[in-house]
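Containing TSV, C-alpha atoms: my_file.tsv.
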```tsv
chain	number	residue	atom	x	y	z
A	20	MET	CA	0.00	0.00	0.00
A	21	GLU	CA	1.29	3.46	-0.92
A	22	LYS	CA	0.48	6.99	0.18
A	23	ILE	CA	-1.12	9.50	-2.13
A	24	ILE	CA	-0.26	13.12	-1.33
A	25	TYR	CA	-2.89	15.83	-1.70
A	26	ALA	CA	-1.47	19.02	-0.30
A	27	ILE	CA	1.12	20.69	1.87
A	28	ILE	CA	-0.63	22.58	4.62
A	29	ALA	CA	0.33	25.56	6.77
A	30	SER	CA	-1.39	25.69	10.08
A	31	ASN	CA	-1.12	27.28	13.47
A	32	ARG	CA	-3.33	24.51	14.79
A	33	SER	CA	-1.96	21.59	16.79
A	34	HIS	CA	-1.47	18.27	15.05
A	35	ALA	CA	-4.48	16.83	16.93
A	36	GLU	CA	-6.69	19.74	15.95
A	37	LEU	CA	-5.64	19.50	12.31
A	38	SER	CA	-6.18	15.74	12.33
A	39	GLY	CA	-9.72	16.28	13.61
A	40	LEU	CA	-10.34	18.83	10.90
A	41	VAL	CA	-9.27	16.62	7.98
A	42	LYS	CA	-11.16	13.64	9.37
A	43	GLY	CA	-14.30	15.31	8.14
A	44	ILE	CA	-12.99	15.16	4.57
A	45	GLN	CA	-12.85	11.93	2.61
A	46	GLY	CA	-9.83	11.10	0.49
A	47	ILE	CA	-10.20	9.77	-3.05
A	48	SER	CA	-12.57	6.84	-3.47
A	49	GLY	CA	-13.68	7.13	0.14
A	50	SER	CA	-10.21	6.59	1.66
A	51	ASP	CA	-9.37	8.05	5.08
A	52	LEU	CA	-7.54	11.33	4.94
A	53	TYR	CA	-4.93	12.10	7.60
A	54	VAL	CA	-2.05	14.48	8.21
A	55	LEU	CA	1.63	14.13	9.00
A	56	THR	CA	3.26	17.15	10.63
A	57	PHE	CA	6.71	18.67	10.85
A	58	LYS	CA	7.08	21.94	12.77
A	59	ASP	CA	4.37	24.29	11.47
A	60	ILE	CA	3.63	22.51	8.21
A	61	SER	CA	1.73	19.32	7.50
A	62	VAL	CA	0.95	17.12	4.58
A	63	ALA	CA	-2.47	15.62	3.80
A	64	VAL	CA	-2.29	11.99	2.65
A	65	SER	CA	-4.36	8.85	2.39
A	66	ASP	CA	-3.64	5.21	1.71
A	67	PHE	CA	-3.61	4.22	-1.91
A	68	THR	CA	-3.36	0.78	-3.46
A	69	PRO	CA	-2.38	1.31	-7.09
A	70	SER	CA	-3.81	-2.03	-8.22
A	71	LYS	CA	-7.15	-1.21	-6.64
A	72	TYR	CA	-7.67	1.98	-8.61
A	73	THR	CA	-7.51	2.75	-12.27
A	74	ILE	CA	-6.03	6.15	-12.87
A	75	SER	CA	-8.84	8.01	-14.57
A	76	LYS	CA	-10.38	11.39	-15.15
A	77	GLU	CA	-12.98	10.62	-12.46
A	78	LEU	CA	-10.23	9.94	-9.93
A	79	ALA	CA	-8.47	13.16	-10.91
A	80	ILE	CA	-11.71	15.08	-10.36
A	81	ASP	CA	-12.19	13.38	-6.99
A	82	PHE	CA	-8.62	14.34	-6.11
A	83	ALA	CA	-9.39	17.97	-7.00
A	84	ARG	CA	-12.48	17.76	-4.78
A	85	VAL	CA	-10.32	16.81	-1.78
A	86	ILE	CA	-7.98	19.74	-2.40
A	87	GLU	CA	-10.92	22.09	-2.82
A	88	GLU	CA	-12.45	21.00	0.50
A	89	LEU	CA	-9.12	21.29	2.28
A	90	SER	CA	-8.48	24.74	0.82
A	91	GLN	CA	-11.64	26.03	2.47
A	92	GLN	CA	-10.15	25.24	5.88
A	93	VAL	CA	-6.42	25.83	5.60
A	94	ILE	CA	-3.68	27.52	3.56
A	95	LEU	CA	-2.27	24.90	1.23
A	96	LEU	CA	-0.08	24.05	-1.70
A	97	PRO	CA	-1.88	21.58	-3.96
A	98	VAL	CA	0.23	18.61	-4.96
A	99	ARG	CA	-0.01	17.30	-8.52
A	100	PHE	CA	-2.40	14.38	-8.97
A	101	GLY	CA	-0.55	11.10	-9.07
A	102	THR	CA	2.12	11.84	-6.45
A	103	PHE	CA	2.62	8.64	-4.48
A	104	LEU	CA	5.19	7.72	-1.85
A	105	LYS	CA	5.92	4.36	-0.30
A	106	SER	CA	5.35	5.09	3.38
A	107	ASP	CA	4.59	7.70	6.07
A	108	GLU	CA	8.27	7.72	6.90
A	109	ILE	CA	9.21	8.79	3.38
A	110	VAL	CA	6.46	11.44	3.40
A	111	ASN	CA	7.93	12.78	6.66
A	112	GLN	CA	11.39	12.87	5.11
A	113	LEU	CA	9.94	14.87	2.24
A	114	LEU	CA	8.47	17.40	4.67
A	115	ILE	CA	11.78	17.78	6.45
A	116	SER	CA	13.96	17.98	3.35
A	117	HIS	CA	11.73	20.52	1.57
A	118	TYR	CA	10.59	22.44	4.64
A	119	ASP	CA	12.10	25.78	3.56
A	120	SER	CA	10.68	25.76	0.04
A	121	PHE	CA	7.27	24.58	1.27
A	122	LEU	CA	7.21	27.39	3.80
A	123	LYS	CA	8.31	29.98	1.25
A	124	ASN	CA	5.58	28.90	-1.19
A	125	LEU	CA	2.96	28.79	1.53
A	126	GLN	CA	3.80	32.37	2.48
A	127	LYS	CA	3.50	33.33	-1.19
A	128	VAL	CA	-0.06	31.99	-1.51
A	129	GLU	CA	-1.28	32.91	1.97
A	130	ASN	CA	-4.61	34.73	1.88
A	131	LYS	CA	-4.76	34.57	-1.89
A	132	TYR	CA	-7.07	32.99	-4.42
A	133	GLU	CA	-6.30	31.76	-7.90
A	134	PHE	CA	-8.55	32.77	-10.77
A	135	GLY	CA	-8.53	31.52	-14.34
A	136	LEU	CA	-9.33	33.75	-17.28
A	137	LYS	CA	-9.76	32.54	-20.81
A	138	ALA	CA	-10.25	34.94	-23.70
A	139	LEU	CA	-11.67	33.71	-26.99
A	140	TRP	CA	-12.21	35.36	-30.33
A	141	ASP	CA	-13.80	34.57	-33.63
A	142	TYR	CA	-10.62	33.50	-35.44
A	143	GLU	CA	-11.87	34.08	-38.98
A	144	LYS	CA	-13.29	37.51	-38.24
A	145	CYS	CA	-10.35	38.74	-36.19
A	146	SER	CA	-7.64	37.41	-38.47
A	147	GLU	CA	-9.39	39.09	-41.40
A	148	LYS	CA	-9.42	42.35	-39.44
A	149	ILE	CA	-5.72	42.04	-38.64
A	150	ARG	CA	-4.98	41.06	-42.24
A	151	THR	CA	-6.76	44.19	-43.50
A	152	LYS	CA	-5.01	46.33	-40.92
A	153	SER	CA	-1.59	45.14	-42.03
A	154	ALA	CA	-2.44	45.33	-45.74
A	155	SER	CA	0.71	47.37	-46.31
A	156	GLU	CA	2.70	44.28	-45.43
A	157	VAL	CA	1.04	42.03	-48.01
A	158	VAL	CA	3.50	39.40	-49.17
A	159	LYS	CA	3.94	39.03	-52.93
A	160	ALA	CA	5.81	36.32	-54.77
A	161	GLY	CA	7.83	38.91	-56.65
A	162	ASP	CA	9.33	40.10	-53.38
A	163	TYR	CA	11.34	36.89	-53.15
A	164	PHE	CA	11.43	35.03	-56.47
A	165	SER	CA	10.70	35.66	-60.10
A	166	THR	CA	9.47	32.18	-61.09
A	167	SER	CA	6.20	30.66	-59.99
A	168	THR	CA	6.24	26.91	-59.43
A	169	ILE	CA	4.34	24.59	-57.15
A	170	HIS	CA	7.29	24.74	-54.74
A	171	THR	CA	7.72	28.50	-54.68
A	172	ASN	CA	3.96	28.89	-54.28
A	173	TYR	CA	4.13	26.51	-51.34
A	174	LEU	CA	6.88	28.65	-49.80
A	175	LEU	CA	4.90	31.82	-50.42
A	176	GLU	CA	1.90	30.37	-48.59
A	177	LYS	CA	4.18	29.43	-45.69
A	178	ILE	CA	5.60	32.95	-45.54
A	179	LYS	CA	2.08	34.39	-45.51
A	180	LYS	CA	1.06	31.98	-42.74
A	181	HIS	CA	4.06	32.87	-40.62
A	182	ARG	CA	3.48	36.60	-41.11
A	183	MET	CA	-0.13	36.12	-40.05
A	184	GLU	CA	0.88	34.14	-36.97
A	185	ASP	CA	3.33	36.87	-35.99
A	186	ALA	CA	0.64	39.53	-36.42
A	187	LEU	CA	-1.86	37.54	-34.33
A	188	LEU	CA	0.70	36.99	-31.61
A	189	LYS	CA	1.56	40.70	-31.50
A	190	HIS	CA	-2.15	41.43	-31.16
A	191	VAL	CA	-2.47	39.00	-28.23
A	192	GLU	CA	0.67	40.39	-26.59
A	193	ALA	CA	-0.83	43.86	-26.78
A	194	LEU	CA	-3.98	42.47	-25.14
A	195	VAL	CA	-1.91	40.95	-22.30
A	196	GLU	CA	-0.23	44.31	-21.71
A	197	GLU	CA	-3.62	45.98	-21.66
A	198	ILE	CA	-4.98	43.51	-19.09
A	199	LEU	CA	-1.93	44.07	-16.89
A	200	ARG	CA	-2.37	47.83	-17.08
A	201	HIS	CA	-6.06	47.43	-16.33
A	202	LEU	CA	-5.33	45.30	-13.24
A	203	ALA	CA	-2.35	47.36	-12.08
A	204	GLU	CA	-4.06	48.58	-8.92
A	205	ILE	CA	-5.01	45.05	-7.86
A	206	ASN	CA	-1.48	43.93	-8.70
A	207	PRO	CA	-2.06	40.17	-8.98
A	208	ASP	CA	0.64	37.63	-9.78
A	209	CYS	CA	-0.13	36.23	-13.20
A	210	LYS	CA	0.87	33.72	-15.82
A	211	PHE	CA	-0.22	33.70	-19.43
A	212	LYS	CA	-0.40	31.19	-22.24
A	213	LYS	CA	-1.00	32.81	-25.60
A	214	MET	CA	-2.74	31.33	-28.66
A	215	VAL	CA	-3.63	28.03	-27.00
A	216	THR	CA	-5.83	27.24	-29.99
A	217	ASN	CA	-7.04	29.36	-32.91
A	218	SER	CA	-10.02	30.42	-30.77
A	219	ILE	CA	-8.57	30.51	-27.28
A	220	ILE	CA	-6.14	33.38	-27.59
A	221	LEU	CA	-5.39	33.70	-23.93
A	222	ASP	CA	-5.35	31.33	-21.00
A	223	ALA	CA	-4.33	33.27	-17.93
A	224	VAL	CA	-4.15	32.57	-14.22
A	225	PHE	CA	-4.06	35.23	-11.52
A	226	LEU	CA	-3.15	35.04	-7.87
A	227	VAL	CA	-5.23	37.66	-6.11
A	228	LYS	CA	-5.36	38.77	-2.48
A	229	LYS	CA	-8.57	37.51	-0.88
A	230	ASN	CA	-9.64	41.02	0.08
A	231	LYS	CA	-9.27	42.10	-3.56
A	232	LYS	CA	-11.50	39.30	-4.90
A	233	ASP	CA	-14.57	41.43	-5.67
A	234	GLU	CA	-12.47	44.25	-7.06
A	235	PHE	CA	-10.74	41.78	-9.39
A	236	ILE	CA	-14.00	40.28	-10.67
A	237	GLN	CA	-15.38	43.76	-11.22
A	238	ALA	CA	-12.24	44.81	-13.11
A	239	ILE	CA	-12.52	41.81	-15.43
A	240	GLU	CA	-16.19	42.61	-15.99
A	241	VAL	CA	-15.25	46.16	-17.03
A	242	PHE	CA	-12.47	44.83	-19.28
A	243	LYS	CA	-14.95	42.51	-20.93
A	244	GLN	CA	-17.30	45.40	-21.66
A	245	GLN	CA	-14.43	47.26	-23.32
A	246	HIS	CA	-13.75	44.32	-25.65
A	247	ASN	CA	-16.94	43.32	-27.37
A	248	ASP	CA	-15.07	41.34	-30.01
A	249	LEU	CA	-13.80	38.92	-27.36
A	250	GLN	CA	-15.52	36.36	-25.17
A	251	PHE	CA	-14.34	35.77	-21.64
A	252	LEU	CA	-14.56	32.91	-19.18
A	253	LEU	CA	-13.57	33.79	-15.64
A	254	THR	CA	-13.42	30.99	-13.09
A	255	GLY	CA	-12.49	30.66	-9.45
A	256	PRO	CA	-11.63	31.02	-6.73
A	257	TRP	CA	-9.31	28.02	-7.00
A	258	PRO	CA	-6.60	26.68	-4.76
A	259	PRO	CA	-3.26	28.07	-6.02
A	260	TYR	CA	-2.57	25.28	-8.52
A	261	SER	CA	-0.50	27.40	-10.87
A	262	PHE	CA	1.66	29.26	-8.40
A	263	VAL	CA	3.60	26.55	-6.63
A	264	ASP	CA	7.25	26.49	-7.62
A	265	ILE	CA	8.62	23.35	-6.06
A	266	VAL	CA	10.40	20.52	-7.77
A	267	ILE	CA	10.52	17.28	-5.81
A	268	ASP	CA	13.22	14.85	-6.93
B	23	MET	CA	-16.32	22.31	-14.55
B	24	ASN	CA	-18.21	23.07	-11.35
B	25	GLU	CA	-20.79	25.72	-12.25
B	26	ASN	CA	-20.22	27.51	-8.94
B	27	LYS	CA	-16.73	28.30	-10.15
B	28	ILE	CA	-17.86	30.18	-13.23
B	29	LEU	CA	-17.87	33.85	-12.31
B	30	LEU	CA	-18.28	35.36	-15.73
B	31	ASN	CA	-19.02	33.67	-19.02
B	32	SER	CA	-19.74	35.24	-22.37
B	33	VAL	CA	-18.49	32.27	-24.37
B	34	PRO	CA	-21.02	30.79	-26.83
B	35	ILE	CA	-21.89	27.16	-26.07
B	36	ASP	CA	-20.05	25.57	-29.03
B	37	GLU	CA	-16.84	27.42	-28.20
B	38	PHE	CA	-17.31	26.61	-24.54
B	39	GLU	CA	-17.19	22.95	-25.55
B	40	GLU	CA	-13.82	23.63	-27.16
B	41	VAL	CA	-12.57	25.13	-23.90
B	42	ILE	CA	-13.65	22.04	-21.99
B	43	GLU	CA	-12.07	19.83	-24.66
B	44	THR	CA	-8.75	21.64	-24.29
B	45	VAL	CA	-8.79	21.05	-20.53
B	46	GLU	CA	-9.73	17.39	-21.00
B	47	ASN	CA	-6.98	16.89	-23.57
B	48	THR	CA	-4.46	18.25	-21.09
B	49	VAL	CA	-5.69	15.82	-18.43
B	50	SER	CA	-5.77	12.82	-20.75
B	51	SER	CA	-2.34	13.55	-22.22
B	52	ARG	CA	-0.95	13.31	-18.73
B	53	ILE	CA	-2.70	10.26	-17.41
B	54	ASN	CA	-3.43	7.94	-20.31
B	55	ALA	CA	-0.03	6.30	-20.60
B	56	THR	CA	-0.36	2.64	-19.63
B	57	PRO	CA	1.66	-0.52	-20.33
B	58	ASP	CA	-0.94	-1.37	-22.99
B	59	ASN	CA	-0.39	1.75	-25.08
B	60	ALA	CA	3.32	2.32	-24.46
B	61	ASP	CA	4.21	1.84	-28.17
B	62	HIS	CA	1.64	4.43	-29.21
B	63	GLY	CA	3.02	6.79	-26.54
B	64	LEU	CA	6.53	6.30	-27.89
B	65	ALA	CA	5.40	7.01	-31.47
B	66	GLN	CA	3.67	10.14	-30.22
B	67	LEU	CA	6.81	11.30	-28.45
B	68	VAL	CA	9.09	10.63	-31.42
B	69	LEU	CA	6.74	12.28	-33.91
B	70	THR	CA	6.35	15.26	-31.60
B	71	LEU	CA	10.10	15.79	-31.59
B	72	ILE	CA	10.28	15.37	-35.37
B	73	GLU	CA	7.45	17.86	-35.81
B	74	LEU	CA	9.19	20.34	-33.52
B	75	ILE	CA	12.41	20.06	-35.54
B	76	ARG	CA	10.46	20.29	-38.82
B	77	LYS	CA	8.81	23.50	-37.69
B	78	LEU	CA	12.13	24.98	-36.58
B	79	VAL	CA	13.65	24.10	-39.97
B	80	GLU	CA	10.67	25.68	-41.70
B	81	LYS	CA	11.00	28.89	-39.69
B	82	GLN	CA	14.70	29.10	-40.37
B	83	ALA	CA	14.13	28.46	-44.08
B	84	ILE	CA	11.52	31.20	-44.29
B	85	ARG	CA	13.86	33.58	-42.52
B	86	ARG	CA	16.51	32.86	-45.13
B	87	VAL	CA	14.09	33.37	-48.00
B	88	GLU	CA	12.93	36.65	-46.48
B	89	GLY	CA	16.56	37.63	-45.88
B	90	GLY	CA	17.18	37.41	-49.62
B	91	SER	CA	20.36	35.35	-49.29
B	92	LEU	CA	19.18	32.42	-51.44
B	93	SER	CA	19.32	31.98	-55.20
B	94	GLU	CA	16.18	31.12	-57.20
B	95	ASP	CA	17.43	27.57	-57.56
B	96	GLU	CA	18.02	27.21	-53.82
B	97	ILE	CA	14.56	28.59	-53.09
B	98	GLU	CA	13.00	26.10	-55.49
B	99	ARG	CA	14.79	23.18	-53.83
B	100	LEU	CA	13.96	24.49	-50.37
B	101	GLY	CA	10.28	24.70	-51.26
B	102	GLU	CA	10.33	21.16	-52.61
B	103	THR	CA	12.10	19.81	-49.50
B	104	LEU	CA	9.76	21.52	-47.05
B	105	MET	CA	6.73	20.36	-49.01
B	106	LYS	CA	7.93	16.75	-49.03
B	107	LEU	CA	8.77	16.90	-45.34
B	108	GLU	CA	5.26	18.08	-44.53
B	109	MET	CA	3.71	15.38	-46.71
B	110	LYS	CA	5.83	12.69	-45.07
B	111	MET	CA	4.80	13.97	-41.65
B	112	GLU	CA	1.12	13.75	-42.62
B	113	GLU	CA	1.69	10.15	-43.74
B	114	LEU	CA	3.33	9.23	-40.43
B	115	LYS	CA	0.55	10.85	-38.43
B	116	GLU	CA	-1.97	8.80	-40.36
B	117	ILE	CA	-0.03	5.55	-39.84
B	118	PHE	CA	0.10	6.11	-36.08
B	119	ASN	CA	-3.40	7.56	-35.93
B	120	LEU	CA	-2.23	10.86	-34.45
B	121	THR	CA	-3.63	14.37	-34.87
B	122	ASP	CA	-1.90	17.76	-34.71
B	123	GLU	CA	-3.18	18.15	-31.15
B	124	ASP	CA	-1.51	14.87	-30.16
B	125	LEU	CA	1.83	16.27	-31.24
B	126	ASN	CA	1.93	18.93	-28.59
B	127	ILE	CA	3.18	17.50	-25.35
B	128	ASN	CA	2.29	19.29	-22.16
B	129	LEU	CA	5.47	19.98	-20.23
B	130	GLY	CA	3.72	20.84	-16.97
B	131	PRO	CA	4.99	24.11	-15.52
B	132	LEU	CA	6.85	24.87	-18.76
B	133	GLY	CA	3.62	24.81	-20.75
B	134	ASP	CA	3.06	23.20	-24.12
B	135	LEU	CA	5.98	22.15	-26.30
B	136	MET	CA	4.62	23.92	-29.40
```
Please go through the file and, once you have read it, give me the structure as structure tokens.
Amino acid sequence: MEKIIYAIIASNRSHAELSGLVKGIQGISGSDLYVLTFKDISVAVSDFTPSKYTISKELAIDFARVIEELSQQVILLPVRFGTFLKSDEIVNQLLISHYDSFLKNLQKVENKYEFGLKALWDYEKCSEKIRTKSASEVVKAGDYFSTSTIHTNYLLEKIKKHRMEDALLKHVEALVEEILRHLAEINPDCKFKKMVTNSIILDAVFLVKKNKKDEFIQAIEVFKQQHNDLQFLLTGPWPPYSFVDIVID
Amino acid sequence: MNENKILLNSVPIDEFEEVIETVENTVSSRINATPDNADHGLAQLVLTLIELIRKLVEKQAIRRVEGGSLSEDEIERLGETLMKLEMKMEELKEIFNLTDEDLNINLGPLGDLM
């Protein structure tokens, strides 16, 4: 039997008090959740028999449910789904050996929520708009070669495609800068992925102080109203999944 | 996605499905490797690396064409090579039943490969 790790927890509570608190939360597939403690940090684990469970989307969702319930009670660092260790002793060693980085990360996410923001556009419409805007940069075969063959035409199409991709990326980068300026007063930590698909131009995560939650949502609402050509999906608050910088060997 | 977590949504339903699909693809690309499909996983990894190199070669080639340092003959051969490379890649994807989306490995905190 192995141990599945859910989260690293910061707590001023005693070990007994924390144990009582997590007892009310079930681990994945109904397993018993418990904590192991070192100094002022703990780790939430439960028993896990790999042969008994098939790793699946449902199990991953159940795992996220445990982290969500825990996050409502304590400050935590979510651990990636599928992190197993052989025994309590090894889990304890992990706590001891990574104590400083766990503590540093816990301080970073203390009293903060994570929010996800996706921005989508109508690819065809927007790329046409950008294409028209940059009409002065239209690529012509004569710019590069005098003969027209199937191979040079292929190259020309590639050049056009790359130019278009560059233009779209510049557009999205300008949007990111605009969002950052718009949220400057709230000053969240943030991470961006650009052009995830042709439609999803932005997939961002923000780490926002809890007392700035409403202000943040309101700011995104205003931003949305200023950009009628885009669609937005704002989700949260989430445990700080995207803001934990720890590598465990 | 838990509906309570949606704070603001102006995404039309068909595009919302695409959003969900993207999330699900990320999850499945991380957890669907099993002893039964190891060979498929290996093909996916190898083809991903080939595709990455192919795209880098393509970018470099375009840069050189745009830079004006190639002769007409060199451009012709370059076009032919890139075209054949792309066609060969399409063949391989078909053989291993892979899509463009499959050839974009999620590198966790580093994001997507391509």
Point (8.3, 12.3, 1.7), cut-off 12 Å, counting only C-alpha atoms, residues as a PyMOL selection string = chain A and resi 21-24+27+55-57+61-64+102-118+267-268
inquiry  = Between A:Thr216, A:Thr171, A:Val85, A:His201, which residue has the minimum interatomic distance to Val241 (chain A), considering only C-alpha atoms?
reply    = A:His201
Distance filter 10 Å, all atoms listed in the file, chain A against chain B, as a VMD selection string = chain A and resid 74 to 76 79 to 80 99 to 101 134 to 141 162 to 175 177 to 178 181 211 to 212 215 to 216 218 to 219 222 236 to 237 239 to 240 243 247 249 to 257 261 to 264
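Considering all atoms listed in the file, the residue among A:Lys131, A:Arg84, A:Lys58, A:Lys213 positioned nearest to Ile44 (chain A) is A:Arg84.
Point (-7.9, 42.3, -8.9) has the following residues at most 7 Å away: Leu202, Ile205, Asn206, Pro207, Val227, Lys231, Lys232, Glu234, Phe235, Ile236 and Ala238 of chain A (atoms considered: all atoms listed in the file).
Between CA of Ala29 (chain A) and CA of Val93 (chain A) the separation is 6.9 Å.
In this comparison, which uses all atoms listed in the file, the residue of A:Asp248, A:Ala83, A:Glu88, A:Pro258 approaching Lys229 (chain A) most closely is A:Pro258.
Atom pair CA of Glu73 (chain B) / CA of Ile117 (chain B): separated by 15.0 Å.
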